[in-house]
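Encoded as structure tokens, the structure appears first; notes follow it.
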Amino acid sequence: MEMLRAGLTKDQILAQTGMVVGVRDANFTVNEGEIFVLMGLSGSGKSTLIRLLNRLVEPTHGQVLLGGQDVAAMSKKALIELRRKDLAMVFQSFALLPHLSVLQNTAFGLEVAGVERKARELHAMEVLDQVGLRSFAHQMPAALSGGMQQRVGLARALAVDPSLMLMDEAFSALDPLKRTEMQELLLQLQKEQQRTIVFVSHDLDEAFHIGNRIAIMEGGRIVQIGTPDEILRNPSDAYVRAFFKGVDVKKYLLAQDVARSDEVLRIQPTADARTDMAEAVARLRQSGQSHAFVVGDDGRWQGGVSLDGLMRGLDSGSTSLQSLYLEGIAPVSASLSLNALIGRIVQQPVPLPVLDAQQRYLGAVTQTVLLKKMVDLDLQESRDE
Ligand SMILES: Nc1ncnc2c1ncn2[C@@H]1O[C@H](COP(=O)(O)OP(=O)(O)O)[C@@H](O)[C@H]1O
Ligand SMILES: [Mg+2]
């Protein structure tokens, strides 16, 4: 620790002492119910860091607070209790017990925690059902494919209902198809159960797909923490950007990440529709915009109108904004991918309102907005070349 504080590098410390600096200066908070991904090249300290959380690696320094308790400082006895009841780990190598059936493997954590047989097997069956393995309960692990074995690994962890789940490259040993399948399973379970998960991966594609937030590690340190969008928008350095190579980042950006509130005029309707129309026409002319969105007091999107439509409405004596709503302007969901959004705009080049799950208006996506975003992404890439 003194040598680190004195500014010596990992290599110098190794040469002088024979000791490896596994992780240093790692400060982060994992929020309840999120999947927090540790990502970095091999040797960057991911496994060491995740193992510090359940003290499979003893920390030399620092704290690991779990629900206010310091895991790094607790007694062996308290640690064993915590590992039994509150922490579960899923390993890259599956680590199933070969002489136990799928059901017994799944129930293993409960057995160790002292749950009696009937109750633990009943619960293990439920969890096997969730991971799609109910009918394999009485098989032995060796009879299952890698993907299925890892489902058992996942089931065993879920069965103890841990408040924190640790997954170290849990899907890395699987072929790409099975790997995607497991990611989908995890996301689906996450929708239903909102577990707190720390997930290690060396793969940006995987990290962006499943991570709510990602910490990127290099040489034992965390170099950046953020949501996928924050990291894409603002990678902290060339090391982080290097992970983007060969990855279609547009896949990970969502409508909510690109929607803008200043691109399309927003009309809040009053009791006097004629005045609303006249005002909107004046403001659209002033700003040079072609469309406006009508958004109610409650923040909900009501419809889209065009400058032409508004003028025709005024001419023809129309007294309702609603009669001017354009059918061609259909809202899109906040979670639509940028790729899908591009498809929509290419088909029909009108501004699109982006709505959240409660139908509230978040902002608009237009051709201009998309082009700007894509130029930004390209600029980022060319900076590194
Ligand atoms: N048991 C160990 N003894 C000595 N050095 C280790 C041990 N485990 C890991 N290391 C070293 O610690 C560093 C971080 O390794 P690790 O946490 O396994 O990285 P990652 O999981 O990101 O590949 C590496 O330099 C590795 O060689
Ligand atoms: Mg590792």
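Labels used: A, B, ... for chains in the order of the structure tokens, numbers from 1 for residues in each chain, and numbers from 1 for ligands as shown.
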
Hey, which residues sit close to ligand 2? Say within 7 Å, counting only C-alpha atoms and all ligand atoms, and write them as a PyMOL selection string. chain A and resi 42-43+46-47+168-169

Could you save the residues just selected, with C-alpha atoms, as a PDB file, in the first residue's frame?
```
ATOM      1  CA  SER A  42      -8.326  -9.948 -19.313  1.00  0.00           C
ATOM      2  CA  GLY A  43      -6.093  -9.254 -16.314  1.00  0.00           C
ATOM      3  CA  LYS A  46     -12.560  -7.897 -12.719  1.00  0.00           C
ATOM      4  CA  SER A  47     -12.482 -11.289 -11.020  1.00  0.00           C
ATOM      5  CA  ASP A 168     -18.187 -13.833 -13.094  1.00  0.00           C
ATOM      6  CA  GLU A 169     -18.089 -14.293 -16.885  1.00  0.00           C
TER       7      GLU A 169
END
```

Neighbouring residues of Pro176 in chain A were defined as those with any atom within 12 Å, considering only C-alpha atoms; residues of the same chain fewer than 5 positions away were excluded. Please report them as a PyMOL selection string. chain A and resi 146-147+171+181-183+203+205-206

What's the separation between CA of Leu100 in chain A and CA of Asn54 in chain A, in Å to one decimal place?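 According to the coordinates, CA of Leu100 in chain A and CA of Asn54 in chain A are separated by 24.9 Å.
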
Go through the chains and note each residue within 10 Å of ligand 1, using only C-alpha atoms and all ligand atoms, then give the set as an MDAnalysis selection string. chainID A and resid 10:11 14 18:23 38:52 57 168:169 200:202 217:220

Check the smallest atom-to-atom distance from each of A:Ala157, A:Ile35, A:Ala119, A:Ala278 to Asn212 in chain A using only C-alpha atoms, then report the winner.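 Of all the options, A:Ile35 lies closest to Asn212 in chain A.
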
I need the residues in range 238-347 of chain A that are strand (DSSP E) according to DSSP; give them as a PyMOL selection string. chain A and resi 265-267+291-295+301-306+332-333

Just C-alpha atoms for this one: save the residues we selected as an mmCIF file, in the first residue's frame.
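Output file out-v2.cif is given in full below:
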```
data_model
loop_
_atom_site.group_PDB
_atom_site.id
_atom_site.type_symbol
_atom_site.label_atom_id
_atom_site.label_comp_id
_atom_site.auth_asym_id
_atom_site.auth_seq_id
_atom_site.Cartn_x
_atom_site.Cartn_y
_atom_site.Cartn_z
ATOM 1 C CA LEU A 265 -42.585 23.074 -31.266
ATOM 2 C CA ARG A 266 -44.762 22.038 -28.367
ATOM 3 C CA ILE A 267 -48.337 23.353 -28.122
ATOM 4 C CA HIS A 291 -44.457 20.571 -37.366
ATOM 5 C CA ALA A 292 -45.726 20.992 -33.831
ATOM 6 C CA PHE A 293 -46.812 18.487 -31.195
ATOM 7 C CA VAL A 294 -49.807 19.011 -28.963
ATOM 8 C CA VAL A 295 -49.006 17.982 -25.381
ATOM 9 C CA TRP A 301 -48.822 13.565 -26.190
ATOM 10 C CA GLN A 302 -52.092 14.212 -28.018
ATOM 11 C CA GLY A 303 -51.228 14.636 -31.671
ATOM 12 C CA GLY A 304 -49.012 16.150 -34.331
ATOM 13 C CA VAL A 305 -49.894 19.028 -36.633
ATOM 14 C CA SER A 306 -48.124 20.681 -39.576
ATOM 15 C CA VAL A 332 -42.639 5.612 -30.735
ATOM 16 C CA SER A 333 -41.672 4.042 -27.448
#
```

Which is closest to Gln63 in chain A among A:Asn27, A:Leu82, A:Ala173, A:Pro98, if we use only C-alpha atoms?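 Of the candidates, the smallest distance to Gln63 in chain A is held by A:Asn27.
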
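Using only C-alpha atoms, the smallest distance between any of A:Asp161, A:Glu58, A:Glu230, A:Asp376 and Leu87 in chain A comes from A:Asp161.
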
Best match for closeness to Met277 in chain A among A:Asp86, A:Asp308, A:Glu263, A:Asp237, counting only C-alpha atoms: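 Of A:Asp86, A:Asp308, A:Glu263, A:Asp237, the one nearest Met277 in chain A is A:Asp308, counting only C-alpha atoms.
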
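Note that the spacing between CA of His99 in chain A and CA of Ala78 in chain A amounts to 29.3 Å.
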
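Every protein, DNA or RNA residue with an atom at most 12 Å from Thr29 in chain A, where only C-alpha atoms count and chain neighbours fewer than 6 positions away do not, is listed here: Ile35, Phe36, Val37, Leu53, Gln63, Val64, Leu65, Leu66, Gly67, Thr196, Ile197, Val198, Arg213, Ile214, Ala215, Ile225 and Gly226 of chain A.
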
Saved selection, atoms kept: C-alpha atoms, as a PDB file, in the first residue's frame:
```
ATOM      1  CA  ILE A  35     -27.345  -5.153 -13.139  1.00  0.00           C
ATOM      2  CA  PHE A  36     -23.946  -3.576 -12.614  1.00  0.00           C
ATOM      3  CA  VAL A  37     -21.342  -4.817 -15.091  1.00  0.00           C
ATOM      4  CA  LEU A  53     -17.295  -8.373  -2.646  1.00  0.00           C
ATOM      5  CA  GLN A  63     -14.586  -1.354   2.793  1.00  0.00           C
ATOM      6  CA  VAL A  64     -17.295  -3.413   1.125  1.00  0.00           C
ATOM      7  CA  LEU A  65     -20.623  -2.198   2.455  1.00  0.00           C
ATOM      8  CA  LEU A  66     -23.629  -4.431   1.954  1.00  0.00           C
ATOM      9  CA  GLY A  67     -26.785  -3.082   3.530  1.00  0.00           C
ATOM     10  CA  THR A 196     -29.177  -6.737  -7.546  1.00  0.00           C
ATOM     11  CA  ILE A 197     -26.497  -8.264  -9.728  1.00  0.00           C
ATOM     12  CA  VAL A 198     -22.807  -7.600 -10.266  1.00  0.00           C
ATOM     13  CA  ARG A 213     -24.579   0.617 -15.490  1.00  0.00           C
ATOM     14  CA  ILE A 214     -21.071  -0.395 -16.397  1.00  0.00           C
ATOM     15  CA  ALA A 215     -17.718   0.095 -14.695  1.00  0.00           C
ATOM     16  CA  ILE A 225     -18.595   4.266 -14.635  1.00  0.00           C
ATOM     17  CA  GLY A 226     -21.816   5.045 -16.440  1.00  0.00           C
TER      18      GLY A 226
END
```

Contacts of range 7-103 of chain A with range 120-142 of chain A up to 12 Å, shortest pair per row, only C-alpha atoms, as a tab-separated table:
```
residue	atom	partner	partner_atom	distance
A:Phe94	CA	A:Pro141	CA	10.0
A:Ala95	CA	A:Pro141	CA	10.2
A:Leu96	CA	A:Pro141	CA	7.1
A:Leu97	CA	A:Pro141	CA	7.8
A:Pro98	CA	A:Pro141	CA	6.0
A:His99	CA	A:Met140	CA	7.3
A:Leu100	CA	A:Met140	CA	6.5
A:Ser101	CA	A:Met140	CA	4.5
A:Val102	CA	A:Ala137	CA	5.0
A:Leu103	CA	A:Ala137	CA	4.7
```

Please save C-alpha atoms of the selected residues as a compact mmCIF listing (two decimals), in the first residue's frame.
```
# COMPACT_ATOMS: atom_id res chain seq x y z
CA PHE A 94 -20.58 -23.69 -13.86
CA ALA A 95 -19.06 -25.40 -10.78
CA LEU A 96 -21.90 -27.91 -10.42
CA LEU A 97 -21.51 -30.89 -8.12
CA PRO A 98 -21.23 -33.85 -10.52
CA HIS A 99 -22.60 -36.47 -8.13
CA LEU A 100 -25.80 -34.52 -7.40
CA SER A 101 -28.85 -34.31 -9.66
CA VAL A 102 -29.99 -31.06 -11.23
CA LEU A 103 -32.59 -30.70 -8.49
```

What is the distance between CA of Ala357 in chain A and CA of Ala334 in chain A, in Å to one decimal? 7.6 Å

Every residue of range 181-253 of chain A that DSSP places in helix (DSSP H, G or I), as a ChimeraX atom specification: /A:181-193,204-210,228-233,238-242,249-251

Do you know which residues are at most 9 Å from range 251-256 of chain A counting only C-alpha atoms, after dropping those on the same chain fewer than 5 positions away, and could you put them as a list in words?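 Near range 251-256 of chain A, the qualifying residues are Asp205, Phe208, His209, Pro228, Asp229, Leu232, Val332, Ser333, Ala334, Ser335, Leu336, Ser337, Leu338, Asn339, Ala340, Leu341, Val354, Leu355, Asp356, Leu362, Gly363, Ala364 and Val365 of chain A.
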